[in-house]
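my_file29.cif, holding mmCIF, C-alpha atoms and all ligand atoms; chains and numbers go by the auth columns:
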data_coords
loop_
_atom_site.group_PDB
_atom_site.id
_atom_site.type_symbol
_atom_site.label_atom_id
_atom_site.label_comp_id
_atom_site.label_asym_id
_atom_site.label_seq_id
_atom_site.Cartn_x
_atom_site.Cartn_y
_atom_site.Cartn_z
_atom_site.B_iso_or_equiv
_atom_site.auth_seq_id
_atom_site.auth_asym_id
ATOM 1 C CA MET A 1 -45.529 40.545 -3.686 0.00 1 A
ATOM 2 C CA ILE A 2 -42.648 38.207 -4.551 0.00 2 A
ATOM 3 C CA ALA A 3 -41.229 40.871 -6.859 0.00 3 A
ATOM 4 C CA ALA A 4 -41.302 43.368 -3.991 0.00 4 A
ATOM 5 C CA ILE A 5 -39.475 40.951 -1.675 0.00 5 A
ATOM 6 C CA LEU A 6 -36.891 40.222 -4.385 0.00 6 A
ATOM 7 C CA ALA A 7 -36.417 43.947 -4.971 0.00 7 A
ATOM 8 C CA GLY A 8 -35.901 44.449 -1.237 0.00 8 A
ATOM 9 C CA VAL A 9 -33.404 41.619 -0.987 0.00 9 A
ATOM 10 C CA THR A 10 -31.520 42.899 -4.033 0.00 10 A
ATOM 11 C CA ALA A 11 -31.444 46.416 -2.610 0.00 11 A
ATOM 12 C CA ALA A 12 -30.073 45.132 0.709 0.00 12 A
ATOM 13 C CA LEU A 13 -27.544 42.775 -0.858 0.00 13 A
ATOM 14 C CA GLY A 14 -26.564 44.981 -3.776 0.00 14 A
ATOM 15 C CA PRO A 15 -23.947 47.123 -2.026 0.00 15 A
ATOM 16 C CA ASN A 16 -22.430 43.957 -0.468 0.00 16 A
ATOM 17 C CA LEU A 17 -22.295 41.766 -3.570 0.00 17 A
ATOM 18 C CA TRP A 18 -18.691 42.751 -4.298 0.00 18 A
ATOM 19 C CA TRP A 19 -17.569 40.765 -1.237 0.00 19 A
ATOM 20 C CA LEU A 20 -20.521 38.358 -0.702 0.00 20 A
ATOM 21 C CA VAL A 21 -20.027 36.565 -4.027 0.00 21 A
ATOM 22 C CA PRO A 22 -16.241 36.050 -3.798 0.00 22 A
ATOM 23 C CA GLY A 23 -16.620 35.302 -0.053 0.00 23 A
ATOM 24 C CA ALA A 24 -19.139 32.504 -0.697 0.00 24 A
ATOM 25 C CA ALA A 25 -16.953 31.165 -3.521 0.00 25 A
ATOM 26 C CA ALA A 26 -13.857 31.157 -1.276 0.00 26 A
ATOM 27 C CA LEU A 27 -15.756 29.367 1.511 0.00 27 A
ATOM 28 C CA ALA A 28 -16.972 26.713 -0.953 0.00 28 A
ATOM 29 C CA VAL A 29 -13.363 26.128 -2.080 0.00 29 A
ATOM 30 C CA ILE A 30 -12.024 25.939 1.507 0.00 30 A
ATOM 31 C CA VAL A 31 -14.540 23.319 2.710 0.00 31 A
ATOM 32 C CA PHE A 32 -14.601 21.223 -0.499 0.00 32 A
ATOM 33 C CA PRO A 33 -13.597 17.580 0.145 0.00 33 A
ATOM 34 C CA MET A 34 -10.816 15.792 -1.737 0.00 34 A
ATOM 35 C CA PRO A 35 -12.245 14.358 -4.996 0.00 35 A
ATOM 36 C CA ARG A 36 -12.181 10.553 -5.416 0.00 36 A
ATOM 37 C CA ARG A 37 -11.177 9.965 -1.784 0.00 37 A
ATOM 38 C CA GLY A 38 -13.171 9.191 1.307 0.00 38 A
ATOM 39 C CA PRO A 39 -15.706 6.471 2.045 0.00 39 A
ATOM 40 C CA ASN A 40 -17.968 5.143 -0.698 0.00 40 A
ATOM 41 C CA SER A 41 -20.820 4.656 1.780 0.00 41 A
ATOM 42 C CA SER A 42 -22.176 6.543 4.784 0.00 42 A
ATOM 43 C CA ALA A 43 -22.780 3.297 6.717 0.00 43 A
ATOM 44 C CA ARG A 44 -20.800 3.074 9.940 0.00 44 A
ATOM 45 C CA ASP A 45 -18.078 0.447 10.173 0.00 45 A
ATOM 46 C CA VAL A 46 -18.830 -2.305 12.723 0.00 46 A
ATOM 47 C CA TRP A 47 -15.313 -1.667 14.053 0.00 47 A
ATOM 48 C CA ARG A 48 -15.537 1.568 16.026 0.00 48 A
ATOM 49 C CA GLY A 49 -11.928 2.277 16.982 0.00 49 A
ATOM 50 C CA PHE A 50 -8.409 1.326 15.917 0.00 50 A
ATOM 51 C CA LYS A 51 -7.111 -1.657 17.887 0.00 51 A
ATOM 52 C CA TYR A 52 -4.402 -4.307 17.667 0.00 52 A
ATOM 53 C CA ALA A 53 -2.712 -4.706 14.251 0.00 53 A
ATOM 54 C CA PRO A 54 -4.355 -1.748 12.394 0.00 54 A
ATOM 55 C CA ARG A 55 -3.518 0.589 15.309 0.00 55 A
ATOM 56 C CA GLU A 56 0.081 -0.662 15.433 0.00 56 A
ATOM 57 C CA ALA A 57 0.435 -0.271 11.646 0.00 57 A
ATOM 58 C CA VAL A 58 -0.700 3.385 11.719 0.00 58 A
ATOM 59 C CA LEU A 59 1.528 4.277 14.701 0.00 59 A
ATOM 60 C CA SER A 60 4.560 2.476 13.317 0.00 60 A
ATOM 61 C CA ARG A 61 4.511 4.038 9.814 0.00 61 A
ATOM 62 C CA ALA A 62 4.340 7.466 11.534 0.00 62 A
ATOM 63 C CA GLY A 63 7.345 6.587 13.693 0.00 63 A
ATOM 64 C CA GLY A 64 5.237 7.101 16.830 0.00 64 A
ATOM 65 C CA ARG A 65 5.032 10.830 16.160 0.00 65 A
ATOM 66 C CA CYS A 66 1.932 12.995 15.557 0.00 66 A
ATOM 67 C CA GLU A 67 1.059 13.415 11.872 0.00 67 A
ATOM 68 C CA GLY A 68 -0.761 16.719 12.419 0.00 68 A
ATOM 69 C CA ALA A 69 0.446 20.005 10.928 0.00 69 A
ATOM 70 C CA ALA A 70 2.547 22.334 13.068 0.00 70 A
ATOM 71 C CA PHE A 71 0.492 25.283 11.770 0.00 71 A
ATOM 72 C CA ILE A 72 -2.771 24.889 9.768 0.00 72 A
ATOM 73 C CA ALA A 73 -1.278 22.978 6.800 0.00 73 A
ATOM 74 C CA TRP A 74 2.475 23.575 7.226 0.00 74 A
ATOM 75 C CA GLY A 75 5.208 21.693 9.055 0.00 75 A
ATOM 76 C CA ARG A 76 4.782 18.641 11.241 0.00 76 A
ATOM 77 C CA CYS A 77 3.719 18.512 14.887 0.00 77 A
ATOM 78 C CA ALA A 78 6.609 17.469 17.165 0.00 78 A
ATOM 79 C CA SER A 79 4.512 15.713 19.848 0.00 79 A
ATOM 80 C CA PRO A 80 4.404 11.949 20.329 0.00 80 A
ATOM 81 C CA ALA A 81 1.333 10.203 18.889 0.00 81 A
ATOM 82 C CA VAL A 82 -1.103 8.869 21.482 0.00 82 A
ATOM 83 C CA GLN A 83 -4.231 8.268 19.375 0.00 83 A
ATOM 84 C CA VAL A 84 -5.100 6.713 16.042 0.00 84 A
ATOM 85 C CA ASP A 85 -7.739 8.912 14.437 0.00 85 A
ATOM 86 C CA HIS A 86 -10.083 8.397 11.453 0.00 86 A
ATOM 87 C CA VAL A 87 -9.096 10.939 8.745 0.00 87 A
ATOM 88 C CA PHE A 88 -12.642 10.605 7.316 0.00 88 A
ATOM 89 C CA PRO A 89 -14.757 10.458 10.519 0.00 89 A
ATOM 90 C CA TRP A 90 -16.236 7.147 11.589 0.00 90 A
ATOM 91 C CA SER A 91 -19.598 8.859 12.183 0.00 91 A
ATOM 92 C CA ARG A 92 -19.690 9.854 8.485 0.00 92 A
ATOM 93 C CA GLY A 93 -18.880 6.435 7.086 0.00 93 A
ATOM 94 C CA GLY A 94 -15.078 6.580 7.393 0.00 94 A
ATOM 95 C CA PRO A 95 -14.025 2.954 7.987 0.00 95 A
ATOM 96 C CA THR A 96 -11.603 1.766 10.680 0.00 96 A
ATOM 97 C CA VAL A 97 -8.922 0.729 8.176 0.00 97 A
ATOM 98 C CA VAL A 98 -5.206 1.558 7.987 0.00 98 A
ATOM 99 C CA SER A 99 -5.723 3.674 4.813 0.00 99 A
ATOM 100 C CA ASN A 100 -8.097 5.928 6.828 0.00 100 A
ATOM 101 C CA GLY A 101 -5.937 6.155 9.955 0.00 101 A
ATOM 102 C CA GLN A 102 -3.584 8.843 11.158 0.00 102 A
ATOM 103 C CA ALA A 103 -1.470 9.014 14.297 0.00 103 A
ATOM 104 C CA LEU A 104 -2.247 12.113 16.379 0.00 104 A
ATOM 105 C CA CYS A 105 -1.115 13.706 19.647 0.00 105 A
ATOM 106 C CA ALA A 106 -3.717 14.474 22.323 0.00 106 A
ATOM 107 C CA GLY A 107 -4.005 18.121 21.224 0.00 107 A
ATOM 108 C CA HIS A 108 -4.532 17.419 17.525 0.00 108 A
ATOM 109 C CA ASN A 109 -6.982 14.644 18.319 0.00 109 A
ATOM 110 C CA ARG A 110 -9.093 17.041 20.431 0.00 110 A
ATOM 111 C CA SER A 111 -9.120 19.823 17.831 0.00 111 A
ATOM 112 C CA LYS A 112 -9.981 17.669 14.800 0.00 112 A
ATOM 113 C CA GLY A 113 -13.673 17.032 15.441 0.00 113 A
ATOM 114 C CA ALA A 114 -16.056 15.069 13.201 0.00 114 A
ATOM 115 C CA MET A 115 -15.845 17.176 10.037 0.00 115 A
ATOM 116 C CA THR A 116 -15.219 15.639 6.637 0.00 116 A
ATOM 117 C CA PRO A 117 -11.668 16.872 5.964 0.00 117 A
ATOM 118 C CA PRO A 118 -11.308 19.403 3.135 0.00 118 A
ATOM 119 C CA TRP A 119 -9.008 18.714 0.147 0.00 119 A
ATOM 120 C CA TRP A 120 -6.140 20.831 1.500 0.00 120 A
ATOM 121 C CA TYR A 121 -6.109 18.928 4.814 0.00 121 A
ATOM 122 C CA VAL A 122 -5.727 15.595 3.014 0.00 122 A
ATOM 123 C CA LEU A 123 -3.134 17.011 0.578 0.00 123 A
ATOM 124 C CA SER A 124 -1.000 18.480 3.360 0.00 124 A
ATOM 125 C CA LEU A 125 -1.120 15.198 5.323 0.00 125 A
ATOM 126 C CA GLU A 126 -0.012 13.250 2.248 0.00 126 A
ATOM 127 C CA ARG A 127 2.745 15.774 1.504 0.00 127 A
ATOM 128 C CA ARG A 128 4.137 15.428 5.053 0.00 128 A
ATOM 129 C CA ARG A 129 3.946 11.647 4.834 0.00 129 A
ATOM 130 C CA ARG A 130 6.322 11.567 1.853 0.00 130 A
ATOM 131 C CA THR A 131 9.076 12.702 4.224 0.00 131 A
ATOM 132 C CA TYR A 132 8.664 9.973 6.883 0.00 132 A
ATOM 133 C CA PHE A 133 6.635 6.999 5.607 0.00 133 A
ATOM 134 C CA PRO A 134 8.751 3.867 5.066 0.00 134 A
ATOM 135 C CA HIS A 135 9.782 3.371 1.432 0.00 135 A
ATOM 136 C CA GLY A 136 7.021 1.784 -0.659 0.00 136 A
ATOM 137 C CA VAL A 137 4.156 2.562 1.740 0.00 137 A
ATOM 138 C CA ASP A 138 1.283 4.452 0.050 0.00 138 A
ATOM 139 C CA VAL A 139 0.893 7.947 1.534 0.00 139 A
ATOM 140 C CA ARG A 140 -2.657 8.385 0.202 0.00 140 A
ATOM 141 C CA VAL A 141 -5.782 8.423 2.364 0.00 141 A
ATOM 142 C CA PHE A 142 -8.344 6.068 0.849 0.00 142 A
ATOM 143 C CA ALA A 143 -10.919 5.227 3.508 0.00 143 A
ATOM 144 C CA VAL A 144 -12.366 2.266 1.612 0.00 144 A
ATOM 145 C CA VAL A 145 -12.629 -1.270 2.961 0.00 145 A
ATOM 146 C CA THR A 146 -10.623 -3.840 0.971 0.00 146 A
ATOM 147 C CA GLU A 147 -11.852 -7.417 0.414 0.00 147 A
ATOM 148 C CA GLU A 148 -9.393 -8.641 3.043 0.00 148 A
ATOM 149 C CA GLU A 149 -10.619 -6.095 5.598 0.00 149 A
ATOM 150 C CA ARG A 150 -14.234 -6.991 4.831 0.00 150 A
ATOM 151 C CA ALA A 151 -13.432 -10.667 5.394 0.00 151 A
ATOM 152 C CA ALA A 152 -11.878 -9.857 8.779 0.00 152 A
ATOM 153 C CA ARG A 153 -15.156 -8.214 9.846 0.00 153 A
ATOM 154 C CA THR A 154 -17.481 -11.004 8.764 0.00 154 A
ATOM 155 C CA GLY A 155 -15.102 -13.435 10.488 0.00 155 A
ATOM 156 C CA THR A 156 -15.519 -11.487 13.745 0.00 156 A
ATOM 157 C CA ALA A 157 -19.298 -11.377 13.356 0.00 157 A
ATOM 158 C CA ALA A 158 -19.492 -15.121 12.647 0.00 158 A
ATOM 159 C CA ARG A 159 -17.296 -15.974 15.649 0.00 159 A
ATOM 160 C CA SER A 160 -19.257 -13.774 18.053 0.00 160 A
ATOM 161 C CA LYS A 161 -22.544 -15.341 16.881 0.00 161 A
ATOM 162 C CA ALA A 162 -21.115 -18.839 17.276 0.00 162 A
ATOM 163 C CA ARG A 163 -19.890 -18.137 20.808 0.00 163 A
ATOM 164 C CA PRO A 164 -22.210 -19.768 23.338 0.00 164 A
ATOM 165 C CA ARG A 165 -24.135 -17.427 25.675 0.00 165 A
ATOM 166 C CA ARG A 166 -23.435 -17.560 29.345 0.00 166 A
HETATM 167 ZN ZN ZN B . 0.015 16.971 17.164 0.00 201 A
#
What's the structure tokens form of this structure?
Amino acid sequence: MIAAILAGVTAALGPNLWWLVPGAAALAVIVFPMPRRGPNSSARDVWRGFKYAPREAVLSRAGGRCEGAAFIAWGRCASPAVQVDHVFPWSRGGPTVVSNGQALCAGHNRSKGAMTPPWWYVLSLERRRRTYFPHGVDVRVFAVVTEEERAARTGTAARSKARPRR
């Protein structure tokens, strides 16, 4: 029974294997995430969106201009930045920290979605950043919460608990 099913599947797939195998391999390469980058946990950050100082830091290092690619992974978008976006999505554990932020125009922000960015997306962003980031600022996307950033969050939580209810 199982042998018959396998034989059927093989017979159906056989003539297509010459493109199915390299096609599946190419797809796996295209969607593969950047090794050793991205969040080290899938837990959602208590800070949902970029506000105040982290938002200003991301917009200012981008010079107020969109960091998106002009075409797929080439060139830089010419539109002004209006949003600070999570490179590694918040819904997938990407923290709301400057090392996971990018300045985007309205169009790029709409088209990005909540996908974990593939390696080539991160590489092309970092390559563009070398041309406009202020000297000495790290171009890499890290998406991990530093001790200082963790302290800022527990400070917020402690203050909001201490605040009297009205
Ligand atoms: Zn853009």
Closest-contact table, chain A side, partner ligand ZN 201 (chain A), 12 Å, counting all atoms listed in the file, as CSV:
residue,atom,partner,partner_atom,distance
A:Ala62,CA,A:ZN201,ZN,11.9
A:Gly64,CA,A:ZN201,ZN,11.2
A:Arg65,CA,A:ZN201,ZN,8.0
A:Cys66,CA,A:ZN201,ZN,4.7
A:Glu67,CA,A:ZN201,ZN,6.5
A:Gly68,CA,A:ZN201,ZN,4.8
A:Ala69,CA,A:ZN201,ZN,6.9
A:Ala70,CA,A:ZN201,ZN,7.2
A:Phe71,CA,A:ZN201,ZN,9.9
A:Ile72,CA,A:ZN201,ZN,11.2
A:Gly75,CA,A:ZN201,ZN,10.7
A:Arg76,CA,A:ZN201,ZN,7.8
A:Cys77,CA,A:ZN201,ZN,4.6
A:Ala78,CA,A:ZN201,ZN,6.6
A:Ser79,CA,A:ZN201,ZN,5.4
A:Pro80,CA,A:ZN201,ZN,7.4
A:Ala81,CA,A:ZN201,ZN,7.1
A:Val82,CA,A:ZN201,ZN,9.2
A:Gln83,CA,A:ZN201,ZN,9.9
A:Val84,CA,A:ZN201,ZN,11.5
A:Asp85,CA,A:ZN201,ZN,11.5
A:Gln102,CA,A:ZN201,ZN,10.7
A:Ala103,CA,A:ZN201,ZN,8.6
A:Leu104,CA,A:ZN201,ZN,5.4
A:Cys105,CA,A:ZN201,ZN,4.3
A:Ala106,CA,A:ZN201,ZN,6.8
A:Gly107,CA,A:ZN201,ZN,5.8
A:His108,CA,A:ZN201,ZN,4.6
A:Asn109,CA,A:ZN201,ZN,7.5
A:Arg110,CA,A:ZN201,ZN,9.7
A:Ser111,CA,A:ZN201,ZN,9.6
A:Lys112,CA,A:ZN201,ZN,10.3
Just the selected residues (C-alpha atoms), exported as a compact mmCIF listing (two decimals), in the coordinates of the input, please.
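Saved result, part_16.txt, follows:
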# COMPACT_ATOMS: atom_id res chain seq x y z
CA ALA A 62 4.34 7.47 11.53
CA GLY A 64 5.24 7.10 16.83
CA ARG A 65 5.03 10.83 16.16
CA CYS A 66 1.93 13.00 15.56
CA GLU A 67 1.06 13.42 11.87
CA GLY A 68 -0.76 16.72 12.42
CA ALA A 69 0.45 20.00 10.93
CA ALA A 70 2.55 22.33 13.07
CA PHE A 71 0.49 25.28 11.77
CA ILE A 72 -2.77 24.89 9.77
CA GLY A 75 5.21 21.69 9.06
CA ARG A 76 4.78 18.64 11.24
CA CYS A 77 3.72 18.51 14.89
CA ALA A 78 6.61 17.47 17.16
CA SER A 79 4.51 15.71 19.85
CA PRO A 80 4.40 11.95 20.33
CA ALA A 81 1.33 10.20 18.89
CA VAL A 82 -1.10 8.87 21.48
CA GLN A 83 -4.23 8.27 19.38
CA VAL A 84 -5.10 6.71 16.04
CA ASP A 85 -7.74 8.91 14.44
CA GLN A 102 -3.58 8.84 11.16
CA ALA A 103 -1.47 9.01 14.30
CA LEU A 104 -2.25 12.11 16.38
CA CYS A 105 -1.12 13.71 19.65
CA ALA A 106 -3.72 14.47 22.32
CA GLY A 107 -4.00 18.12 21.22
CA HIS A 108 -4.53 17.42 17.52
CA ASN A 109 -6.98 14.64 18.32
CA ARG A 110 -9.09 17.04 20.43
CA SER A 111 -9.12 19.82 17.83
CA LYS A 112 -9.98 17.67 14.80
Exercise for review: Find the distance between CA of Ser60 in chain A and CA of Arg129 in chain A and write it in Å to one decimal.
Suggested key: 12.5 Å
Practice item. Would you kindly translate the PyMOL selection byres (((chain A and resi 46) around 12) and not hetatm) into the concrete residues it picks from this file, as an MDAnalysis selection string? Key: chainID A and resid 43:45 47:50 90:91 93:97 145 149:150 152:157
Exercise for review: For each of A:Val98, A:Ala7, A:Val139, A:Ala12, take the minimum atom-to-atom distance to Leu59 in chain A, counting all atoms listed in the file, then give the residue where this is smallest.
Suggested key: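 Answer, going by the shortest atom-to-atom distance: A:Val98.
Distances from A:Leu27, A:Val21, A:Val122, A:Ala4 to Ala73 in chain A were compared using all atoms listed in the file, and the smallest one belongs to A:Val122.
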Exercise for review: Measuring atom to atom with only C-alpha atoms, identify which of A:Ser99, A:Pro117, A:Thr146, A:Ile5 is nearest to Arg61 in chain A.
Suggested key: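 Among the listed residues, A:Ser99 lies closest to Arg61 in chain A.
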Got a sec: who's within 7 Å of Val144 in chain A, counting all atoms listed in the file, leaving out chain neighbours fewer than 6 positions off, as a compact mmCIF listing (two decimals) with C-alpha atoms, in the coordinates of the input?
# COMPACT_ATOMS: atom_id res chain seq x y z
CA GLY A 38 -13.17 9.19 1.31
CA PRO A 39 -15.71 6.47 2.04
CA ASN A 40 -17.97 5.14 -0.70
CA PRO A 95 -14.02 2.95 7.99
Point to revise | Result set of the PyMOL selection byres (((chain A and resi 123) around 12) and not hetatm) on the coordinates above, as a PyMOL selection string | key: chain A and resi 33-35+37+69+73-74+87+117-122+124-130+139-141
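Proximity to Ala114 in chain A was assessed for A:Gly101, A:Arg92, A:Tyr132, A:Met1 counting all atoms listed in the file; the smallest distance is recorded for A:Arg92.
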Check your understanding: Any idea what the distance is between CA of Thr116 in chain A and CA of Val31 in chain A?
Key ->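 According to the coordinates, CA of Thr116 in chain A and CA of Val31 in chain A are separated by 8.7 Å.
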Review point. For Phe32 in chain A, which residue among A:Met115, A:Thr131, A:Ala151, A:Asp138 is the nearest when counting all atoms listed in the file?
Key: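 Selected residue with least distance to Phe32 in chain A: A:Met115.
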Review point. Taking all atoms listed in the file into account, which of A:Phe142, A:Pro89, A:Ala53, A:Trp19 comes nearest Arg36 in chain A?
Key: A:Phe142
What box, with edges along x, y and z, holds each listed atom of range 125-138 of chain A when 6 Å is added on every side, and can you state its centre and edge lengths in Å to one decimal, as JSON?
{"center_x": 4.3, "center_y": 8.8, "center_z": 3.1, "size_x": 22.9, "size_y": 26.0, "size_z": 19.5}
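Between CA of Ala25 in chain A and CA of Thr10 in chain A the interatomic distance comes to 18.7 Å.
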For range 117-142 of chain A of the block above, can you save N, CA and C atoms as an mmCIF file, in the first residue's frame?
data_model
loop_
_atom_site.group_PDB
_atom_site.id
_atom_site.type_symbol
_atom_site.label_atom_id
_atom_site.label_comp_id
_atom_site.auth_asym_id
_atom_site.auth_seq_id
_atom_site.Cartn_x
_atom_site.Cartn_y
_atom_site.Cartn_z
ATOM 1 N N PRO A 117 13.004 39.092 8.545
ATOM 2 C CA PRO A 117 13.711 39.478 7.323
ATOM 3 C C PRO A 117 14.773 38.458 6.935
ATOM 4 N N PRO A 118 14.869 38.134 5.636
ATOM 5 C CA PRO A 118 15.914 37.207 5.195
ATOM 6 C C PRO A 118 17.292 37.870 5.246
ATOM 7 N N TRP A 119 18.346 37.051 5.161
ATOM 8 C CA TRP A 119 19.734 37.522 5.270
ATOM 9 C C TRP A 119 20.047 38.642 4.299
ATOM 10 N N TRP A 120 19.540 38.570 3.068
ATOM 11 C CA TRP A 120 19.915 39.575 2.063
ATOM 12 C C TRP A 120 19.273 40.924 2.353
ATOM 13 N N TYR A 121 18.109 40.909 3.039
ATOM 14 C CA TYR A 121 17.444 42.162 3.409
ATOM 15 C C TYR A 121 18.287 42.906 4.439
ATOM 16 N N VAL A 122 18.753 42.151 5.450
ATOM 17 C CA VAL A 122 19.575 42.732 6.513
ATOM 18 C C VAL A 122 20.919 43.213 5.947
ATOM 19 N N LEU A 123 21.538 42.380 5.081
ATOM 20 C CA LEU A 123 22.825 42.758 4.488
ATOM 21 C C LEU A 123 22.712 44.019 3.646
ATOM 22 N N SER A 124 21.633 44.139 2.867
ATOM 23 C CA SER A 124 21.508 45.308 1.994
ATOM 24 C C SER A 124 21.238 46.561 2.821
ATOM 25 N N LEU A 125 20.481 46.427 3.923
ATOM 26 C CA LEU A 125 20.249 47.567 4.814
ATOM 27 C C LEU A 125 21.577 48.039 5.422
ATOM 28 N N GLU A 126 22.373 47.085 5.887
ATOM 29 C CA GLU A 126 23.651 47.437 6.515
ATOM 30 C C GLU A 126 24.627 48.020 5.499
ATOM 31 N N ARG A 127 24.573 47.552 4.267
ATOM 32 C CA ARG A 127 25.450 48.093 3.219
ATOM 33 C C ARG A 127 25.081 49.545 2.908
ATOM 34 N N ARG A 128 23.768 49.826 2.819
ATOM 35 C CA ARG A 128 23.328 51.216 2.586
ATOM 36 C C ARG A 128 23.758 52.106 3.738
ATOM 37 N N ARG A 129 23.611 51.592 4.963
ATOM 38 C CA ARG A 129 23.898 52.408 6.140
ATOM 39 C C ARG A 129 25.337 52.890 6.189
ATOM 40 N N ARG A 130 26.261 52.125 5.607
ATOM 41 C CA ARG A 130 27.674 52.549 5.629
ATOM 42 C C ARG A 130 27.849 53.868 4.907
ATOM 43 N N THR A 131 26.927 54.218 4.015
ATOM 44 C CA THR A 131 27.080 55.459 3.247
ATOM 45 C C THR A 131 26.485 56.674 3.955
ATOM 46 N N TYR A 132 25.624 56.484 4.982
ATOM 47 C CA TYR A 132 25.015 57.674 5.595
ATOM 48 C C TYR A 132 25.009 57.687 7.120
ATOM 49 N N PHE A 133 25.326 56.586 7.785
ATOM 50 C CA PHE A 133 25.343 56.613 9.250
ATOM 51 C C PHE A 133 26.474 57.531 9.720
ATOM 52 N N PRO A 134 26.272 58.266 10.824
ATOM 53 C CA PRO A 134 27.360 59.084 11.349
ATOM 54 C C PRO A 134 28.558 58.204 11.687
ATOM 55 N N HIS A 135 29.763 58.774 11.571
ATOM 56 C CA HIS A 135 30.991 58.029 11.817
ATOM 57 C C HIS A 135 30.972 57.402 13.215
ATOM 58 N N GLY A 136 31.311 56.111 13.295
ATOM 59 C CA GLY A 136 31.409 55.443 14.583
ATOM 60 C C GLY A 136 30.118 54.776 15.043
ATOM 61 N N VAL A 137 29.011 54.989 14.326
ATOM 62 C CA VAL A 137 27.754 54.351 14.714
ATOM 63 C C VAL A 137 27.663 52.985 14.033
ATOM 64 N N ASP A 138 27.387 51.937 14.817
ATOM 65 C CA ASP A 138 27.325 50.565 14.301
ATOM 66 C C ASP A 138 26.170 50.412 13.320
ATOM 67 N N VAL A 139 26.468 49.905 12.117
ATOM 68 C CA VAL A 139 25.429 49.752 11.089
ATOM 69 C C VAL A 139 24.644 48.449 11.265
ATOM 70 N N ARG A 140 25.131 47.558 12.149
ATOM 71 C CA ARG A 140 24.523 46.223 12.226
ATOM 72 C C ARG A 140 23.188 46.206 12.969
ATOM 73 N N VAL A 141 22.313 45.307 12.526
ATOM 74 C CA VAL A 141 21.017 45.092 13.162
ATOM 75 C C VAL A 141 21.218 44.010 14.212
ATOM 76 N N PHE A 142 20.949 44.303 15.476
ATOM 77 C CA PHE A 142 21.169 43.267 16.486
ATOM 78 C C PHE A 142 19.888 42.738 17.122
#
